[in-house]
>>> print(open('work_15.cif').read())   # mmCIF, C-alpha atoms
data_final
#
loop_
_atom_site.label_atom_id
_atom_site.label_comp_id
_atom_site.auth_asym_id
_atom_site.auth_seq_id
_atom_site.Cartn_x
_atom_site.Cartn_y
_atom_site.Cartn_z
CA MET A 1 44.42 -92.88 -74.19
CA LYS A 2 43.17 -96.31 -75.08
CA LEU A 3 44.88 -99.39 -73.76
CA ARG A 4 44.34 -102.89 -74.97
CA SER A 5 42.52 -105.07 -72.55
CA ASP A 6 45.23 -107.72 -72.70
CA LEU A 7 47.65 -105.21 -71.18
CA GLU A 8 45.36 -104.58 -68.29
CA GLY A 9 46.69 -107.43 -66.16
CA ALA A 10 45.45 -107.50 -62.62
CA VAL A 11 44.11 -103.94 -62.54
CA PRO A 12 40.41 -104.07 -61.76
CA THR A 13 38.12 -102.60 -64.34
CA VAL A 14 34.75 -100.97 -64.08
CA GLN A 15 32.21 -101.32 -66.78
CA ARG A 16 30.26 -98.24 -67.67
CA PHE A 17 28.28 -96.67 -70.46
CA GLU A 18 26.80 -100.05 -71.19
CA GLN A 19 23.50 -98.60 -72.25
CA THR A 20 25.21 -96.15 -74.51
CA VAL A 21 26.36 -98.81 -76.87
CA SER A 22 23.15 -99.14 -78.76
CA THR A 23 22.82 -95.44 -79.49
CA ALA A 24 26.37 -94.13 -79.61
CA PRO A 25 26.81 -91.99 -82.74
CA SER A 26 29.83 -93.98 -83.84
CA GLN A 27 27.54 -96.96 -84.27
CA LEU A 28 25.38 -95.28 -86.87
CA PRO A 29 25.89 -95.06 -90.60
CA GLU A 30 27.82 -92.12 -91.96
CA THR A 31 24.88 -91.22 -94.18
CA LEU A 32 22.90 -90.34 -91.08
CA GLU A 33 25.68 -88.19 -89.70
CA ARG A 34 25.62 -86.08 -92.84
CA THR A 35 22.12 -84.99 -91.95
CA ILE A 36 23.38 -83.11 -88.92
CA PRO A 37 24.37 -79.63 -90.01
CA LYS A 38 25.85 -78.68 -86.67
CA ALA A 39 28.20 -81.62 -86.51
CA GLU A 40 29.48 -80.80 -89.95
CA THR A 41 30.95 -77.60 -88.65
CA SER A 42 34.17 -78.77 -87.17
CA ALA A 43 35.91 -76.38 -84.82
CA THR A 44 39.02 -76.72 -86.93
CA SER A 45 37.56 -76.35 -90.37
CA SER A 46 35.88 -72.98 -90.63
CA SER A 47 38.46 -70.43 -89.55
CA PRO A 48 41.75 -71.98 -88.48
CA ALA A 49 43.60 -68.71 -87.93
CA ALA A 50 40.87 -67.16 -85.82
CA LEU A 51 40.50 -70.35 -83.88
CA THR A 52 44.20 -70.51 -83.15
CA ILE A 53 44.20 -66.98 -81.79
CA ALA A 54 41.10 -67.67 -79.75
CA ARG A 55 42.65 -70.80 -78.34
CA GLN A 56 45.83 -69.00 -77.40
CA LEU A 57 43.89 -66.26 -75.66
CA LEU A 58 41.70 -68.70 -73.81
CA PHE A 59 44.68 -70.80 -72.88
CA ALA A 60 46.48 -67.78 -71.44
CA VAL A 61 43.43 -66.83 -69.39
CA ALA A 62 42.98 -70.32 -68.08
CA LEU A 63 46.65 -70.77 -67.33
CA SER A 64 46.67 -67.67 -65.19
CA ALA A 65 43.58 -68.89 -63.38
CA LEU A 66 44.95 -72.36 -62.89
CA SER A 67 48.33 -71.13 -61.72
CA ALA A 68 46.65 -69.50 -58.76
CA SER A 69 45.09 -72.77 -57.72
CA PRO A 70 46.69 -75.20 -55.32
CA GLN A 71 48.38 -78.08 -57.02
CA PRO A 72 47.39 -81.60 -56.15
CA THR A 73 49.49 -82.97 -53.35
CA ALA A 74 49.27 -86.53 -54.49
CA ILE A 75 48.34 -87.91 -57.83
CA PRO A 76 46.83 -91.36 -57.73
CA PRO A 77 47.92 -93.96 -60.25
CA TRP A 78 46.20 -93.94 -63.59
CA ARG A 79 42.81 -95.51 -63.39
CA ARG A 80 41.62 -97.74 -66.11
CA HIS A 81 37.97 -98.10 -66.89
CA GLU A 82 36.55 -100.54 -69.32
CA ILE A 83 34.31 -98.72 -71.73
CA VAL A 84 32.11 -100.64 -74.06
CA THR A 85 32.04 -98.68 -77.28
CA THR A 86 31.71 -101.39 -79.88
CA ALA A 87 31.18 -105.09 -79.99
CA GLU A 88 34.70 -105.38 -78.61
CA SER A 89 35.52 -103.61 -75.40
CA SER A 90 38.44 -101.26 -75.08
CA LEU A 91 40.06 -99.68 -72.08
CA VAL A 92 40.30 -95.99 -71.43
CA SER A 93 42.71 -94.60 -68.91
CA ILE A 94 41.57 -91.70 -66.79
CA ASP A 95 44.32 -89.16 -66.31
CA PRO A 96 44.36 -88.34 -62.56
CA ALA A 97 45.95 -84.97 -63.21
CA LEU A 98 43.04 -84.07 -65.50
CA VAL A 99 40.53 -85.31 -62.92
CA GLU A 100 42.24 -83.07 -60.38
CA GLN A 101 42.06 -80.18 -62.82
CA MET A 102 38.36 -80.86 -63.27
CA ARG A 103 37.87 -80.97 -59.53
CA GLN A 104 39.42 -77.52 -59.24
CA ILE A 105 37.38 -76.15 -62.16
CA PHE A 106 34.17 -77.59 -60.72
CA GLU A 107 34.92 -76.24 -57.25
CA ARG A 108 35.53 -72.77 -58.60
CA GLY A 109 32.30 -73.13 -60.58
CA ALA A 110 30.37 -73.89 -57.41
CA SER A 111 30.67 -70.24 -56.41
CA GLU A 112 28.98 -69.04 -59.60
CA PHE A 113 25.30 -68.42 -60.21
CA PHE A 114 24.31 -69.93 -63.55
CA GLU A 115 21.67 -68.34 -65.74
CA ASP A 116 20.33 -69.22 -69.16
CA GLY A 117 22.03 -67.17 -71.84
CA MET A 118 24.80 -65.88 -69.63
CA ASP A 119 28.46 -66.81 -69.89
CA SER A 120 30.26 -68.27 -66.91
CA ASN A 121 33.90 -68.46 -65.99
CA PHE A 122 33.31 -72.11 -65.25
CA ALA A 123 32.17 -72.88 -68.79
CA GLN A 124 35.08 -70.95 -70.22
CA GLU A 125 37.61 -72.90 -68.18
CA LEU A 126 35.89 -76.19 -68.84
CA LEU A 127 35.70 -75.73 -72.59
CA LEU A 128 39.30 -74.60 -72.75
CA SER A 129 40.36 -77.83 -71.08
CA VAL A 130 38.21 -79.82 -73.50
CA MET A 131 39.78 -78.00 -76.45
CA GLU A 132 43.22 -78.79 -75.09
CA HIS A 133 42.72 -82.39 -74.06
CA GLY A 134 39.78 -83.63 -76.15
CA ASN A 135 38.33 -86.97 -75.15
CA ALA A 136 40.67 -87.30 -72.18
CA ALA A 137 39.06 -84.20 -70.70
CA ILE A 138 35.56 -85.61 -71.25
CA ASP A 139 36.62 -88.80 -69.50
CA ALA A 140 37.99 -86.78 -66.60
CA ILE A 141 34.77 -84.76 -66.40
CA ALA A 142 32.77 -87.98 -66.27
CA GLU A 143 35.04 -89.34 -63.58
CA TYR A 144 34.56 -86.26 -61.42
CA LEU A 145 30.90 -85.61 -62.24
CA PHE A 146 29.86 -89.04 -61.07
CA SER A 147 31.83 -88.83 -57.87
CA SER A 148 29.82 -87.80 -54.84
CA ALA A 149 31.80 -84.57 -54.59
CA ALA A 150 30.41 -82.93 -57.70
CA ASN A 151 28.02 -80.01 -57.26
CA PRO A 152 24.85 -80.78 -59.26
CA ASP A 153 24.42 -77.20 -60.47
CA VAL A 154 27.93 -77.18 -61.84
CA GLY A 155 27.45 -80.63 -63.33
CA SER A 156 24.30 -79.46 -65.06
CA GLU A 157 26.07 -76.44 -66.47
CA ALA A 158 28.93 -78.65 -67.65
CA LEU A 159 26.64 -80.96 -69.60
CA ARG A 160 24.81 -78.04 -71.16
CA ARG A 161 27.97 -76.30 -72.26
CA LEU A 162 29.74 -79.39 -73.49
CA ALA A 163 26.85 -80.01 -75.85
CA ASP A 164 27.46 -76.63 -77.45
CA VAL A 165 30.98 -77.55 -78.54
CA GLU A 166 30.93 -78.04 -82.28
CA ASP A 167 33.68 -80.60 -82.64
CA ARG A 168 32.65 -83.98 -83.94
CA ARG A 169 35.94 -85.54 -82.85
CA ILE A 170 34.61 -85.58 -79.31
CA LEU A 171 30.98 -86.15 -80.20
CA ALA A 172 30.96 -89.81 -79.16
CA SER A 173 32.47 -89.17 -75.75
CA ARG A 174 30.15 -86.23 -75.09
CA TRP A 175 27.24 -88.35 -76.20
CA ALA A 176 28.24 -91.05 -73.74
CA LEU A 177 28.58 -88.49 -70.97
CA LEU A 178 25.17 -86.96 -71.71
CA HIS A 179 23.62 -90.40 -71.82
CA ARG A 180 25.13 -91.25 -68.49
CA GLY A 181 23.91 -87.91 -67.16
CA LEU A 182 20.31 -88.88 -67.95
CA GLY A 183 20.56 -91.47 -65.19
CA HIS A 184 22.23 -89.23 -62.61
CA SER A 185 20.69 -89.16 -59.15
CA SER A 186 20.39 -85.35 -59.26
CA SER A 187 17.46 -83.89 -61.18
CA ARG A 188 19.61 -80.87 -62.02
CA VAL A 189 22.25 -82.98 -63.68
CA ARG A 190 19.57 -84.85 -65.60
CA ASP A 191 18.21 -81.47 -66.68
CA GLY A 192 21.65 -80.59 -68.04
CA ALA A 193 21.83 -83.87 -69.93
CA ILE A 194 18.38 -83.41 -71.47
CA LEU A 195 19.14 -79.85 -72.51
CA GLY A 196 22.48 -81.08 -73.81
CA PHE A 197 20.72 -83.50 -76.14
CA ALA A 198 18.42 -80.67 -77.21
CA SER A 199 21.48 -78.61 -78.03
CA LEU A 200 23.08 -81.42 -80.02
CA ASP A 201 19.79 -81.63 -81.94
CA ASP A 202 20.73 -85.06 -83.19
CA ARG A 203 17.73 -87.17 -84.07
CA ARG A 204 19.62 -90.32 -83.09
CA ALA A 205 18.86 -89.38 -79.47
CA LEU A 206 15.14 -89.87 -80.06
CA GLU A 207 14.92 -93.51 -78.98
CA LEU A 208 17.19 -92.91 -76.05
CA LEU A 209 15.04 -90.07 -74.74
CA LYS A 210 11.85 -92.01 -75.31
CA CYS A 211 13.31 -94.74 -73.13
CA VAL A 212 14.17 -92.45 -70.22
CA GLU A 213 10.96 -90.44 -70.43
CA THR A 214 8.87 -93.09 -68.75
CA GLU A 215 11.45 -93.59 -66.00
CA GLU A 216 11.86 -89.90 -65.16
CA PRO A 217 10.33 -89.19 -61.73
CA VAL A 218 10.24 -85.37 -61.98
CA PRO A 219 7.16 -84.22 -63.95
CA GLU A 220 8.87 -81.05 -65.19
CA LEU A 221 11.73 -83.12 -66.56
CA ARG A 222 9.34 -85.53 -68.24
CA HIS A 223 7.74 -82.53 -69.91
CA LEU A 224 11.17 -81.25 -70.93
CA ILE A 225 12.06 -84.62 -72.41
CA GLN A 226 8.81 -84.54 -74.39
CA LYS A 227 9.75 -81.13 -75.75
CA VAL A 228 13.17 -82.34 -76.80
CA ILE A 229 11.63 -85.42 -78.41
CA GLU A 230 9.29 -83.11 -80.30
CA GLN A 231 12.21 -80.97 -81.42
CA LEU A 232 14.25 -83.96 -82.53
CA GLY A 233 11.23 -85.31 -84.36
CA ALA A 234 11.01 -82.05 -86.27
CA THR A 235 14.72 -82.24 -86.97
CA HIS A 236 14.11 -85.74 -88.28
CA GLY A 237 11.41 -84.37 -90.56
CA GLU A 238 13.65 -81.57 -91.82
CA ALA A 239 16.43 -84.03 -92.55
CA ALA A 240 14.06 -86.32 -94.41
CA ALA A 241 12.68 -83.40 -96.42
CA GLN A 242 16.20 -82.44 -97.44
CA GLY A 243 16.68 -85.93 -98.73
CA MET B 1 -7.02 -63.61 -65.17
CA ALA B 2 -3.55 -62.21 -65.87
CA LYS B 3 -0.54 -64.31 -65.16
CA LEU B 4 2.91 -63.16 -64.23
CA LEU B 5 6.09 -64.48 -65.80
CA ARG B 6 9.56 -64.37 -64.33
CA LYS B 7 12.67 -65.67 -66.11
CA VAL B 8 14.44 -68.28 -63.99
CA LYS B 9 16.63 -71.32 -64.32
CA GLN B 10 13.97 -73.97 -64.32
CA ASN B 11 15.99 -76.68 -62.62
CA ARG B 12 15.86 -74.67 -59.40
CA TRP B 13 12.04 -74.81 -59.41
CA TYR B 14 11.17 -78.50 -59.57
CA ARG B 15 8.28 -79.02 -57.18
CA THR B 16 9.27 -82.62 -56.53
CA ASP B 17 12.63 -81.50 -55.19
CA ALA B 18 11.05 -78.75 -53.10
CA GLN B 19 8.21 -80.86 -51.72
CA PRO B 20 9.93 -82.06 -48.51
CA LEU B 21 10.51 -78.44 -47.47
CA LEU B 22 7.10 -77.28 -48.69
CA ASP B 23 5.54 -79.99 -46.54
CA ILE B 24 7.00 -78.44 -43.42
CA GLY B 25 6.06 -74.89 -44.39
CA ASP B 26 9.48 -73.93 -45.68
CA VAL B 27 11.02 -73.36 -49.11
CA PRO B 28 14.38 -74.33 -50.60
CA ALA B 29 16.80 -71.41 -50.78
CA ASP B 30 18.00 -71.93 -54.36
CA PRO B 31 14.86 -70.61 -56.11
CA LEU B 32 15.26 -67.36 -54.20
CA GLY B 33 18.39 -66.77 -56.28
CA ASP B 34 16.11 -66.25 -59.27
CA LEU B 35 14.14 -63.60 -57.41
CA SER B 36 16.88 -61.02 -57.15
CA THR B 37 15.54 -57.60 -56.23
CA SER B 38 16.69 -54.05 -56.69
CA GLN B 39 15.30 -51.28 -54.52
CA ASN B 40 13.02 -53.99 -53.10
CA ARG B 41 11.43 -54.40 -56.52
CA LEU B 42 11.23 -57.52 -58.63
CA SER B 43 10.75 -57.42 -62.37
CA VAL B 44 7.95 -59.54 -63.90
CA TYR B 45 5.89 -59.57 -67.10
CA GLN B 46 2.11 -59.75 -67.30
CA VAL B 47 0.94 -62.29 -69.86
CA ASP B 48 -2.37 -63.76 -70.86
CA GLY B 49 -1.06 -67.27 -70.35
CA GLY B 50 -1.26 -68.25 -74.01
CA PRO B 51 1.83 -69.73 -75.63
CA ALA B 52 2.19 -66.94 -78.20
CA HIS B 53 2.35 -64.24 -75.55
CA ILE B 54 4.68 -66.26 -73.35
CA GLU B 55 6.99 -66.92 -76.28
CA ARG B 56 7.04 -63.24 -77.23
CA VAL B 57 8.11 -62.24 -73.73
CA ALA B 58 10.63 -65.09 -73.58
CA ARG B 59 12.07 -64.03 -76.93
CA ALA B 60 12.58 -60.48 -75.70
CA LEU B 61 14.25 -61.73 -72.54
CA ALA B 62 16.45 -64.14 -74.52
CA VAL B 63 17.65 -61.34 -76.76
CA GLY B 64 18.61 -59.36 -73.68
CA ALA B 65 20.99 -62.08 -72.51
CA GLN B 66 24.61 -62.42 -73.62
CA HIS B 67 23.75 -65.10 -76.14
CA LEU B 68 20.61 -66.86 -77.34
CA ASP B 69 19.88 -69.82 -75.14
CA ASN B 70 17.07 -71.77 -73.52
CA VAL B 71 14.70 -69.58 -71.53
CA GLY B 72 13.39 -71.01 -68.29
CA TYR B 73 10.53 -69.25 -66.58
CA VAL B 74 7.93 -69.53 -63.86
CA LEU B 75 4.34 -68.54 -64.48
CA PHE B 76 1.81 -67.80 -61.75
CA GLU B 77 -1.56 -66.16 -61.29
CA ALA B 78 -1.38 -62.46 -60.45
CA SER B 79 -4.00 -63.14 -57.79
CA LEU B 80 -1.37 -64.99 -55.75
CA LEU B 81 0.20 -61.64 -54.96
CA GLU B 82 -2.65 -60.82 -52.62
CA GLU B 83 -1.93 -63.92 -50.57
CA ALA B 84 1.65 -62.75 -50.13
CA SER B 85 0.60 -59.11 -49.54
CA ILE B 86 2.63 -57.99 -52.52
CA ALA B 87 1.74 -54.98 -54.63
CA LEU B 88 2.20 -54.71 -58.39
CA ASP B 89 3.41 -51.54 -60.09
CA PRO B 90 3.12 -51.53 -63.90
CA THR B 91 6.19 -49.87 -65.39
CA ASP B 92 7.74 -50.01 -68.83
CA GLY B 93 10.30 -52.72 -69.41
CA ASP B 94 13.63 -52.23 -71.13
CA THR B 95 13.72 -55.04 -73.68
CA VAL B 96 14.15 -54.54 -77.42
CA ASP B 97 10.46 -55.35 -77.96
CA SER B 98 8.25 -52.34 -77.28
CA VAL B 99 5.13 -54.48 -77.04
CA VAL B 100 6.72 -56.65 -74.37
CA ASN B 101 7.88 -53.56 -72.52
CA LYS B 102 4.27 -52.54 -72.05
CA CYS B 103 3.63 -55.84 -70.24
CA HIS B 104 6.30 -55.18 -67.66
CA ALA B 105 5.62 -54.59 -64.01
CA ASP B 106 7.51 -54.51 -60.75
CA LEU B 107 6.52 -56.25 -57.57
CA ILE B 108 7.18 -53.53 -55.03
CA ASN B 109 7.93 -53.02 -51.35
CA LEU B 110 9.30 -56.52 -51.11
CA THR B 111 10.76 -57.92 -47.92
CA GLY B 112 12.56 -61.15 -47.17
CA ASN B 113 9.42 -62.72 -45.78
CA LYS B 114 7.36 -61.63 -48.78
CA LEU B 115 9.92 -63.10 -51.17
CA VAL B 116 9.89 -66.41 -49.35
CA ALA B 117 6.08 -66.38 -49.37
CA LEU B 118 6.09 -65.64 -53.09
CA ALA B 119 8.56 -68.44 -53.83
CA ARG B 120 6.41 -70.82 -51.82
CA LEU B 121 3.25 -69.81 -53.67
CA ILE B 122 4.96 -70.15 -57.04
CA LEU B 123 6.27 -73.60 -56.12
CA LEU B 124 2.87 -74.70 -54.85
CA GLU B 125 0.55 -73.12 -57.38
CA GLY B 126 2.61 -71.84 -60.28
CA LYS B 127 4.30 -73.72 -63.06
CA SER B 128 7.76 -73.71 -64.53
CA ASP B 129 8.84 -74.45 -68.05
CA THR B 130 11.70 -73.97 -70.49
CA ILE B 131 11.59 -72.81 -74.08
CA LEU B 132 14.38 -74.58 -75.90
CA LYS B 133 17.15 -72.65 -77.58
CA LYS B 134 16.23 -73.94 -81.03
CA ARG B 135 12.72 -72.52 -80.63
CA ILE B 136 14.11 -69.24 -79.33
CA VAL B 137 16.28 -68.94 -82.45
CA GLU B 138 13.20 -69.57 -84.61
CA LEU B 139 11.28 -66.93 -82.69
CA VAL B 140 14.06 -64.39 -83.12
CA ARG B 141 14.17 -65.06 -86.87
CA GLU B 142 10.41 -64.59 -87.04
CA GLY B 143 10.70 -61.40 -85.03
CA LEU B 144 13.29 -59.99 -87.37
CA ASN B 145 11.23 -60.87 -90.42
CA SER B 146 8.12 -59.26 -88.96
CA LYS B 147 10.12 -56.22 -87.74
CA GLU B 148 8.97 -56.87 -84.18
CA LEU B 149 12.63 -56.98 -83.30
CA PRO B 150 15.23 -54.41 -84.37
CA GLU B 151 17.79 -55.38 -86.97
CA LYS B 152 20.65 -55.12 -84.46
CA VAL B 153 19.39 -58.35 -82.90
CA ARG B 154 20.43 -60.28 -86.01
CA ARG B 155 24.03 -60.50 -84.80
CA LYS B 156 22.87 -62.77 -82.00
CA LEU B 157 21.65 -65.41 -84.40
CA PRO B 158 23.91 -68.41 -84.91
CA GLU B 159 25.63 -68.66 -88.28
CA THR B 160 23.82 -70.95 -90.68
#
>>> encode(input="work_15.cif", output="structure tokens")
Amino acid sequence: MKLRSDLEGAVPTVQRFEQTVSTAPSQLPETLERTIPKAETSATSSSPAALTIARQLLFAVALSALSASPQPTAIPPWRRHEIVTTAESSLVSIDPALVEQMRQIFERGASEFFEDGMDSNFAQELLLSVMEHGNAAIDAIAEYLFSSAANPDVGSEALRRLADVEDRRILASRWALLHRGLGHSSSRVRDGAILGFASLDDRRALELLKCVETEEPVPELRHLIQKVIEQLGATHGEAAAQG
Amino acid sequence: MAKLLRKVKQNRWYRTDAQPLLDIGDVPADPLGDLSTSQNRLSVYQVDGGPAHIERVARALAVGAQHLDNVGYVLFEASLLEEASIALDPTDGDTVDSVVNKCHADLINLTGNKLVALARLILLEGKSDTILKKRIVELVREGLNSKELPEKVRRKLPET
């Protein structure tokens, strides 16, 4: 939910995602976005009937899981964060109930052992919530992920899996979250963000990754960034070749 | 000299993160999660260390997972096994790639102490890396075209 800044009154605001502004996908020309095959495949465009059934099934599974979880005893008032997305700033409210839901999902995820190529209950629950709540869920994930309570392994898995969602309606918010993840204090979360950008395979991340490469203190992560840069460079070349 | 490859989640094997514990003769516990044993045996693949061989093994391991994804791995000299008093038993693997299966071996008669010693040696003297999912998909396509991989693997490829 976006609120106008003039309605904000005396509620303190927190600026974030400042660095994202220059590279957020919404800032770039539409002609560039058409060069991204993956983003063209909207989750709602290819097979609506199958998707509806899948959503209903996933929703039922998640509902049963969530119903067994303790409900929050107290829900704090809506928090409002100032997010700079364009030349003009707008305000995004963080739904405390969604943040609480994320906390529960993340805490359940902390008991899982994540492996490349293997599904996880955590990812299933997380993606279901994102399908249900869209950008509001991404905002809630960001809110929880950057709290000190978040488990880095789970945060890393979250960033990786969110990047796999093929829904361009939430591309900008996921992009902002991945970008923010690149600066996380945990190397594992940064790993998830880097792999997330690899999964997006969007050449517009090239400059962003080049910027963080020199700052990255973990040699293995610097190497990983170089690999992703190489991949995105090739993607750039493919896009150019296709005209 | 032959190298040994083990599929892992690379972000559990960053030396920088492990260094404080390595400095006091210990190891972090998380990497041990990637060294899960059965019958005190640990599955590894013998590779020549070249990228083509590593990618072929990684491709076979990727195909064996639920879905194609990045493949993280650690790579270390087989000679490190002597330092940890670990024996190697070449046995056929069970991937879809028969050539890769011939590179398989088990580390045998493992104990808790030996596993910790192995993790420490890998962290100190081995290397970790990740092959990105996009490359894995390319490798699988190549493998299907060259018939190195069986046709049934095609269903794992993303729709284009």
>>> resolve_selection(input="work_15.cif", expression="the PyMOL selection byres ((chain B) within 9 of (chain A))", output="NGL selection string")
:B and (7-12 or 14-17 or 33-34 or 62-72 or 127-135 or 160)
>>> atom_distance(input="work_15.cif", atom1="CA of Glu213 in chain A", atom2="CA of Trp13 in chain B")
19.2 Å
>>> closest_residue(input="work_15.cif", among="B:Leu21, B:Leu157, B:Val27, B:Leu88", to="Val116 in chain B", atoms="only C-alpha atoms")
B:Val27
>>> atom_distance(input="work_15.cif", atom1="CA of Ile24 in chain B", atom2="CA of Lys3 in chain B")
27.0 Å
>>> atom_distance(input="work_15.cif", atom1="CA of Lys152 in chain B", atom2="CA of Asp94 in chain B")
15.3 Å
>>> resolve_selection(input="work_15.cif", expression="the PyMOL selection byres ((chain B and resi 5) around 10)", output="JSON, numbers by chain")
{"B": [2, 3, 4, 6, 7, 8, 43, 44, 45, 46, 47, 48, 49, 54, 57, 58, 73, 74, 75, 76, 77, 78, 104, 126, 127, 128]}
>>> residues_around(input="work_15.cif", residues="Gly112 in chain B", least_positions_apart="2", cutoff="12 Å", atoms="all atoms listed in the file", output="ChimeraX atom specification")
/B:29,32,35-37,40-41,84,86,109-110,114-119
>>> resolve_selection(input="work_15.cif", expression="the PyMOL selection byres ((chain A and resi 121-137) around 6)", output="PDB file with C-alpha atoms, in the frame of the given file")
ATOM      1  CA  ALA A  62      42.980 -70.320 -68.080  1.00  0.00           C
ATOM      2  CA  GLY A 109      32.300 -73.130 -60.580  1.00  0.00           C
ATOM      3  CA  SER A 120      30.260 -68.270 -66.910  1.00  0.00           C
ATOM      4  CA  ILE A 138      35.560 -85.610 -71.250  1.00  0.00           C
ATOM      5  CA  ASP A 139      36.620 -88.800 -69.500  1.00  0.00           C
ATOM      6  CA  ALA A 140      37.990 -86.780 -66.600  1.00  0.00           C
ATOM      7  CA  ILE A 170      34.610 -85.580 -79.310  1.00  0.00           C
TER       8      ILE A 170
END
>>> closest_residue(input="work_15.cif", among="B:Arg120, B:Arg154, B:Lys102, B:His53", to="Pro28 in chain B", atoms="only C-alpha atoms")
B:Arg120
>>> decode(input="work_15.cif", residues="range 52-103 of chain B", atoms="C-alpha atoms", output="PDB file, in the first residue's frame")
ATOM      1  CA  ALA B  52      35.336 -29.741 -18.428  1.00  0.00           C
ATOM      2  CA  HIS B  53      35.556 -32.702 -16.081  1.00  0.00           C
ATOM      3  CA  ILE B  54      34.248 -30.717 -13.135  1.00  0.00           C
ATOM      4  CA  GLU B  55      31.319 -29.467 -15.187  1.00  0.00           C
ATOM      5  CA  ARG B  56      30.490 -32.975 -16.373  1.00  0.00           C
ATOM      6  CA  VAL B  57      30.327 -34.257 -12.810  1.00  0.00           C
ATOM      7  CA  ALA B  58      28.379 -31.189 -11.683  1.00  0.00           C
ATOM      8  CA  ARG B  59      25.912 -31.690 -14.528  1.00  0.00           C
ATOM      9  CA  ALA B  60      25.289 -35.282 -13.502  1.00  0.00           C
ATOM     10  CA  LEU B  61      24.767 -34.238  -9.897  1.00  0.00           C
ATOM     11  CA  ALA B  62      22.457 -31.382 -10.935  1.00  0.00           C
ATOM     12  CA  VAL B  63      20.295 -33.749 -12.937  1.00  0.00           C
ATOM     13  CA  GLY B  64      19.980 -35.964  -9.884  1.00  0.00           C
ATOM     14  CA  ALA B  65      18.434 -33.162  -7.842  1.00  0.00           C
ATOM     15  CA  GLN B  66      14.736 -32.292  -7.798  1.00  0.00           C
ATOM     16  CA  HIS B  67      15.204 -29.445 -10.239  1.00  0.00           C
ATOM     17  CA  LEU B  68      18.088 -27.910 -12.163  1.00  0.00           C
ATOM     18  CA  ASP B  69      19.821 -25.333 -10.045  1.00  0.00           C
ATOM     19  CA  ASN B  70      23.216 -23.908  -9.178  1.00  0.00           C
ATOM     20  CA  VAL B  71      25.719 -26.557  -8.166  1.00  0.00           C
ATOM     21  CA  GLY B  72      28.082 -25.675  -5.351  1.00  0.00           C
ATOM     22  CA  TYR B  73      31.037 -27.922  -4.720  1.00  0.00           C
ATOM     23  CA  VAL B  74      34.311 -28.257  -2.875  1.00  0.00           C
ATOM     24  CA  LEU B  75      37.410 -29.546  -4.606  1.00  0.00           C
ATOM     25  CA  PHE B  76      40.476 -30.873  -2.820  1.00  0.00           C
ATOM     26  CA  GLU B  77      43.573 -32.917  -3.517  1.00  0.00           C
ATOM     27  CA  ALA B  78      43.136 -36.648  -2.960  1.00  0.00           C
ATOM     28  CA  SER B  79      46.463 -36.578  -1.148  1.00  0.00           C
ATOM     29  CA  LEU B  80      44.801 -34.705   1.717  1.00  0.00           C
ATOM     30  CA  LEU B  81      43.074 -37.937   2.663  1.00  0.00           C
ATOM     31  CA  GLU B  82      46.331 -39.331   3.982  1.00  0.00           C
ATOM     32  CA  GLU B  83      46.654 -36.434   6.401  1.00  0.00           C
ATOM     33  CA  ALA B  84      43.217 -37.248   7.781  1.00  0.00           C
ATOM     34  CA  SER B  85      43.884 -41.026   7.740  1.00  0.00           C
ATOM     35  CA  ILE B  86      40.950 -41.557   5.409  1.00  0.00           C
ATOM     36  CA  ALA B  87      40.781 -44.380   2.892  1.00  0.00           C
ATOM     37  CA  LEU B  88      39.244 -44.149  -0.570  1.00  0.00           C
ATOM     38  CA  ASP B  89      37.169 -46.947  -2.083  1.00  0.00           C
ATOM     39  CA  PRO B  90      36.369 -46.535  -5.795  1.00  0.00           C
ATOM     40  CA  THR B  91      32.796 -47.666  -6.441  1.00  0.00           C
ATOM     41  CA  ASP B  92      30.371 -46.955  -9.242  1.00  0.00           C
ATOM     42  CA  GLY B  93      28.159 -43.931  -8.819  1.00  0.00           C
ATOM     43  CA  ASP B  94      24.437 -43.844  -9.509  1.00  0.00           C
ATOM     44  CA  THR B  95      24.019 -40.763 -11.680  1.00  0.00           C
ATOM     45  CA  VAL B  96      22.487 -40.770 -15.158  1.00  0.00           C
ATOM     46  CA  ASP B  97      25.944 -40.306 -16.699  1.00  0.00           C
ATOM     47  CA  SER B  98      27.815 -43.597 -16.946  1.00  0.00           C
ATOM     48  CA  VAL B  99      31.143 -41.853 -17.466  1.00  0.00           C
ATOM     49  CA  VAL B 100      30.690 -39.857 -14.279  1.00  0.00           C
ATOM     50  CA  ASN B 101      29.685 -43.002 -12.428  1.00  0.00           C
ATOM     51  CA  LYS B 102      33.107 -44.458 -13.131  1.00  0.00           C
ATOM     52  CA  CYS B 103      34.682 -41.482 -11.328  1.00  0.00           C
TER      53      CYS B 103
END
